[in-house]
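Student: Can you keep this structure in mind? I'll have questions shortly.
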Amino acid sequence: DTGVSQDPRHKITKRGQNVTFRCDPISEHNRLYWYRQTLGQGPEFLTYFQNEAQLEKSRLLSDRFSAERPKGSFSTLEIQRTEQGDSAMYLCASSLGVVVGEGSGANVLTFGAGSRLTVL
Amino acid sequence: AQTVTQSQPEMSVQEAETVTLSCTYDTSESDYYLFWYKQPPSRQMILVIRQEAYKQQNATENRFSVNFQKAAKSFSLKISDSQLGDAAMYFCVLRRNAGGTSYGKLTFGQGTILTVHP
């Protein structure tokens, strides 16, 4: 396993177009997260999946954003009708979590290299 | 709401010297984790060190150590014997440990860019 993979690494699009990012987590990780990072800032939480269930969504995730994890493996993040303010790095992370008796190391997030979106 | 503040946008250090990055945070939780993550230019975020809030002993990982002051809500990172490969953006990160769906939701600081001079 080579870690968390994200594709594409860089996407340039025109305002109003739709874009989709894909994340392949570490295979045994059942939790998957999306974060957004704007230039010079720390990442901000967008959404979180446990297996195929989307359990938490940030207010940052407007109606134009949708994330899926159909079979509990890879995930997609789609942005419809892109705006210039959507320009950012979109980070995916995964972790292994257990329901009961979670150990201190079990939920450390492993991040992918990110997908950078530029909206012209 | 949780907040993390890094008041040093940029820091620099000479190779082989020691540098300390500052971080303060605010949370109403009593059980939480604190982390320092490193993000090299154009590369993925890497965990440097973590600290459980219920542990009084400061965490250490080789050349990296923290000074965790729970009452003051302060969590600084000390890098000893700095190396050129330490150059990166460093993020102080807070995660509540209240169970349920919030396990993985991280709150990041603004980051500190560390430059290492040869």
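Ordered as shown in the structure tokens, chains take letters A, B, and onward, while each chain numbers its residues from 1 and ligands are numbered from 1 in the order shown.
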Find the residues around range 46-49 of chain A up to 7 Å (only C-alpha atoms counted), leave out those fewer than 2 positions away in its own chain, and share them as a ChimeraX atom specification.
Tutor: /A:31-36,44,51-58,60-61
Student: Pull the closest atom pair for each residue of chain A that gets at most 9 Å from chain B, along with the distance in Å to one decimal, counting only C-alpha atoms, ordering rows by chain and then ascending residue number, as JSON lines.
Tutor:
```
{"residue": "A:Arg31", "atom": "CA", "partner": "B:Gly104", "partner_atom": "CA", "distance": 8.2}
{"residue": "A:Leu32", "atom": "CA", "partner": "B:Gly104", "partner_atom": "CA", "distance": 8.8}
{"residue": "A:Tyr33", "atom": "CA", "partner": "B:Gly104", "partner_atom": "CA", "distance": 7.7}
{"residue": "A:Gly40", "atom": "CA", "partner": "B:Gln110", "partner_atom": "CA", "distance": 7.4}
{"residue": "A:Gln41", "atom": "CA", "partner": "B:Gln110", "partner_atom": "CA", "distance": 5.0}
{"residue": "A:Gly42", "atom": "CA", "partner": "B:Gln110", "partner_atom": "CA", "distance": 4.8}
{"residue": "A:Pro43", "atom": "CA", "partner": "B:Phe108", "partner_atom": "CA", "distance": 6.2}
{"residue": "A:Glu44", "atom": "CA", "partner": "B:Thr107", "partner_atom": "CA", "distance": 7.1}
{"residue": "A:Phe45", "atom": "CA", "partner": "B:Lys105", "partner_atom": "CA", "distance": 6.6}
{"residue": "A:Thr47", "atom": "CA", "partner": "B:Lys105", "partner_atom": "CA", "distance": 8.6}
{"residue": "A:Tyr48", "atom": "CA", "partner": "B:Lys105", "partner_atom": "CA", "distance": 7.9}
{"residue": "A:Gln50", "atom": "CA", "partner": "B:Thr101", "partner_atom": "CA", "distance": 8.6}
{"residue": "A:Leu55", "atom": "CA", "partner": "B:Thr101", "partner_atom": "CA", "distance": 6.6}
{"residue": "A:Glu56", "atom": "CA", "partner": "B:Thr101", "partner_atom": "CA", "distance": 7.0}
{"residue": "A:Leu91", "atom": "CA", "partner": "B:Gln44", "partner_atom": "CA", "distance": 8.9}
{"residue": "A:Ser94", "atom": "CA", "partner": "B:Gly104", "partner_atom": "CA", "distance": 8.9}
{"residue": "A:Ser95", "atom": "CA", "partner": "B:Gly104", "partner_atom": "CA", "distance": 7.9}
{"residue": "A:Gly97", "atom": "CA", "partner": "B:Tyr103", "partner_atom": "CA", "distance": 8.5}
{"residue": "A:Val99", "atom": "CA", "partner": "B:Gly100", "partner_atom": "CA", "distance": 8.4}
{"residue": "A:Ser104", "atom": "CA", "partner": "B:Glu52", "partner_atom": "CA", "distance": 7.8}
{"residue": "A:Asn107", "atom": "CA", "partner": "B:Gly104", "partner_atom": "CA", "distance": 6.8}
{"residue": "A:Val108", "atom": "CA", "partner": "B:Gly104", "partner_atom": "CA", "distance": 7.8}
{"residue": "A:Leu109", "atom": "CA", "partner": "B:Gly104", "partner_atom": "CA", "distance": 7.2}
{"residue": "A:Thr110", "atom": "CA", "partner": "B:Ile46", "partner_atom": "CA", "distance": 7.4}
{"residue": "A:Phe111", "atom": "CA", "partner": "B:Met45", "partner_atom": "CA", "distance": 5.8}
{"residue": "A:Gly112", "atom": "CA", "partner": "B:Gln44", "partner_atom": "CA", "distance": 5.7}
{"residue": "A:Ala113", "atom": "CA", "partner": "B:Gln44", "partner_atom": "CA", "distance": 4.1}
{"residue": "A:Gly114", "atom": "CA", "partner": "B:Gln44", "partner_atom": "CA", "distance": 7.1}
```
Student: Store the residues picked out above in a file with N, CA and C atoms, as a PDB file, in the first residue's frame.
Tutor:
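Below is the file part.pdb, written as the result:
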```
ATOM      1  N   ARG A  31     -12.177   4.982   7.763  1.00  0.00           N
ATOM      2  CA  ARG A  31     -12.597   6.374   7.872  1.00  0.00           C
ATOM      3  C   ARG A  31     -11.888   7.210   6.816  1.00  0.00           C
ATOM      4  N   LEU A  32     -12.642   8.134   6.239  1.00  0.00           N
ATOM      5  CA  LEU A  32     -12.105   8.983   5.180  1.00  0.00           C
ATOM      6  C   LEU A  32     -12.597  10.409   5.386  1.00  0.00           C
ATOM      7  N   TYR A  33     -11.706  11.363   5.189  1.00  0.00           N
ATOM      8  CA  TYR A  33     -12.000  12.771   5.475  1.00  0.00           C
ATOM      9  C   TYR A  33     -11.601  13.631   4.271  1.00  0.00           C
ATOM     10  N   GLY A  40      -1.662  29.576   2.280  1.00  0.00           N
ATOM     11  CA  GLY A  40      -1.139  30.169   3.504  1.00  0.00           C
ATOM     12  C   GLY A  40      -1.956  29.908   4.745  1.00  0.00           C
ATOM     13  N   GLN A  41      -2.959  29.066   4.647  1.00  0.00           N
ATOM     14  CA  GLN A  41      -3.815  28.780   5.793  1.00  0.00           C
ATOM     15  C   GLN A  41      -3.759  27.303   6.162  1.00  0.00           C
ATOM     16  N   GLY A  42      -4.275  26.994   7.336  1.00  0.00           N
ATOM     17  CA  GLY A  42      -4.404  25.608   7.723  1.00  0.00           C
ATOM     18  C   GLY A  42      -5.630  24.972   7.103  1.00  0.00           C
ATOM     19  N   PRO A  43      -5.612  23.672   6.934  1.00  0.00           N
ATOM     20  CA  PRO A  43      -6.769  22.980   6.359  1.00  0.00           C
ATOM     21  C   PRO A  43      -8.020  23.144   7.221  1.00  0.00           C
ATOM     22  N   GLU A  44      -9.169  23.140   6.540  1.00  0.00           N
ATOM     23  CA  GLU A  44     -10.453  23.213   7.232  1.00  0.00           C
ATOM     24  C   GLU A  44     -11.268  21.962   6.893  1.00  0.00           C
ATOM     25  N   PHE A  45     -11.910  21.425   7.896  1.00  0.00           N
ATOM     26  CA  PHE A  45     -12.690  20.203   7.740  1.00  0.00           C
ATOM     27  C   PHE A  45     -13.886  20.433   6.825  1.00  0.00           C
ATOM     28  N   THR A  47     -15.803  17.185   5.345  1.00  0.00           N
ATOM     29  CA  THR A  47     -16.724  16.096   5.565  1.00  0.00           C
ATOM     30  C   THR A  47     -15.973  14.840   5.952  1.00  0.00           C
ATOM     31  N   TYR A  48     -16.734  13.852   6.449  1.00  0.00           N
ATOM     32  CA  TYR A  48     -16.142  12.643   7.010  1.00  0.00           C
ATOM     33  C   TYR A  48     -17.041  11.449   6.722  1.00  0.00           C
ATOM     34  N   GLN A  50     -17.494   7.194   7.506  1.00  0.00           N
ATOM     35  CA  GLN A  50     -17.100   5.942   8.130  1.00  0.00           C
ATOM     36  C   GLN A  50     -17.700   4.848   7.258  1.00  0.00           C
ATOM     37  N   LEU A  55     -20.975  10.823   7.761  1.00  0.00           N
ATOM     38  CA  LEU A  55     -21.450  11.056   9.115  1.00  0.00           C
ATOM     39  C   LEU A  55     -21.405  12.513   9.558  1.00  0.00           C
ATOM     40  N   GLU A  56     -20.599  13.310   8.891  1.00  0.00           N
ATOM     41  CA  GLU A  56     -20.506  14.701   9.336  1.00  0.00           C
ATOM     42  C   GLU A  56     -20.151  15.584   8.148  1.00  0.00           C
ATOM     43  N   LEU A  91      -7.692  18.317   0.326  1.00  0.00           N
ATOM     44  CA  LEU A  91      -6.927  17.234   0.943  1.00  0.00           C
ATOM     45  C   LEU A  91      -7.841  16.104   1.371  1.00  0.00           C
ATOM     46  N   SER A  94      -7.215   9.520   5.553  1.00  0.00           N
ATOM     47  CA  SER A  94      -7.906   8.331   6.014  1.00  0.00           C
ATOM     48  C   SER A  94      -7.335   7.888   7.344  1.00  0.00           C
ATOM     49  N   SER A  95      -8.107   7.098   8.061  1.00  0.00           N
ATOM     50  CA  SER A  95      -7.640   6.579   9.338  1.00  0.00           C
ATOM     51  C   SER A  95      -8.343   5.273   9.637  1.00  0.00           C
ATOM     52  N   GLY A  97     -10.215   3.350  12.513  1.00  0.00           N
ATOM     53  CA  GLY A  97     -10.862   3.588  13.783  1.00  0.00           C
ATOM     54  C   GLY A  97     -11.588   2.347  14.245  1.00  0.00           C
ATOM     55  N   VAL A  99     -14.643   0.939  17.063  1.00  0.00           N
ATOM     56  CA  VAL A  99     -15.822   1.497  17.703  1.00  0.00           C
ATOM     57  C   VAL A  99     -15.664   1.540  19.214  1.00  0.00           C
ATOM     58  N   SER A 104      -4.952   5.031  21.494  1.00  0.00           N
ATOM     59  CA  SER A 104      -4.491   6.387  21.215  1.00  0.00           C
ATOM     60  C   SER A 104      -3.928   6.513  19.817  1.00  0.00           C
ATOM     61  N   ASN A 107      -6.447   6.352  15.525  1.00  0.00           N
ATOM     62  CA  ASN A 107      -7.148   7.279  14.676  1.00  0.00           C
ATOM     63  C   ASN A 107      -6.263   8.402  14.156  1.00  0.00           C
ATOM     64  N   VAL A 108      -4.987   8.148  14.032  1.00  0.00           N
ATOM     65  CA  VAL A 108      -4.106   9.134  13.427  1.00  0.00           C
ATOM     66  C   VAL A 108      -4.402   9.199  11.942  1.00  0.00           C
ATOM     67  N   LEU A 109      -4.597  10.417  11.443  1.00  0.00           N
ATOM     68  CA  LEU A 109      -4.933  10.594  10.041  1.00  0.00           C
ATOM     69  C   LEU A 109      -3.694  10.551   9.164  1.00  0.00           C
ATOM     70  N   THR A 110      -3.803   9.845   8.043  1.00  0.00           N
ATOM     71  CA  THR A 110      -2.780   9.863   7.001  1.00  0.00           C
ATOM     72  C   THR A 110      -3.330  10.671   5.836  1.00  0.00           C
ATOM     73  N   PHE A 111      -2.596  11.681   5.444  1.00  0.00           N
ATOM     74  CA  PHE A 111      -3.050  12.589   4.389  1.00  0.00           C
ATOM     75  C   PHE A 111      -2.496  12.203   3.028  1.00  0.00           C
ATOM     76  N   GLY A 112      -3.279  12.518   1.995  1.00  0.00           N
ATOM     77  CA  GLY A 112      -2.773  12.458   0.640  1.00  0.00           C
ATOM     78  C   GLY A 112      -2.054  13.744   0.285  1.00  0.00           C
ATOM     79  N   ALA A 113      -1.507  13.795  -0.915  1.00  0.00           N
ATOM     80  CA  ALA A 113      -0.742  14.959  -1.354  1.00  0.00           C
ATOM     81  C   ALA A 113      -1.641  16.119  -1.770  1.00  0.00           C
ATOM     82  N   GLY A 114      -2.923  15.852  -1.947  1.00  0.00           N
ATOM     83  CA  GLY A 114      -3.870  16.912  -2.256  1.00  0.00           C
ATOM     84  C   GLY A 114      -4.148  17.072  -3.730  1.00  0.00           C
TER      85      GLY A 114
END
```
Student: To test your reading of the structure, identify every residue in range 44-101 of chain B that backbone DSSP assigns to strand (DSSP E), and report it as JSON, numbers by chain.
Tutor: {"B": [46, 47, 48, 49, 50, 51, 52, 60, 61, 64, 65, 66, 67, 68, 69, 74, 75, 76, 77, 78, 79, 88, 89, 90, 91, 92, 93, 94, 95, 96]}
Student: As a PyMOL selection string, please: the residues near Phe75 in chain B (cut-off 12 Å, only C-alpha atoms, same-chain neighbours under 3 positions excluded).
Tutor: chain B and resi 4-6+20-26+33-36+49-53+58-59+65-72+78+91-94+109
Student: May I have the residues within 9 Å of range 116-120 of chain A as a VMD selection string, using only C-alpha atoms and disregarding those fewer than 3 positions away in the same chain?
Tutor: chain A and resid 8 to 17 19 82 to 91
Student: To one decimal place, how far is CA of Ser28 in chain B from CA of Gln37 in chain A in Å?
Tutor: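 Separating CA of Ser28 in chain B from CA of Gln37 in chain A is a distance of 25.1 Å.
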Student: In Å, how far is it from CA of Asn62 in chain B to CA of Ala16 in chain B?
Tutor: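 Answer for the CA of Asn62 in chain B to CA of Ala16 in chain B separation: 14.0 Å.
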Student: Work out how far apart CA of Gly72 in chain A and CA of Thr2 in chain A are and give it in Å to one decimal.
Tutor: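 Interatomic distance, CA of Gly72 in chain A to CA of Thr2 in chain A: 18.3 Å.
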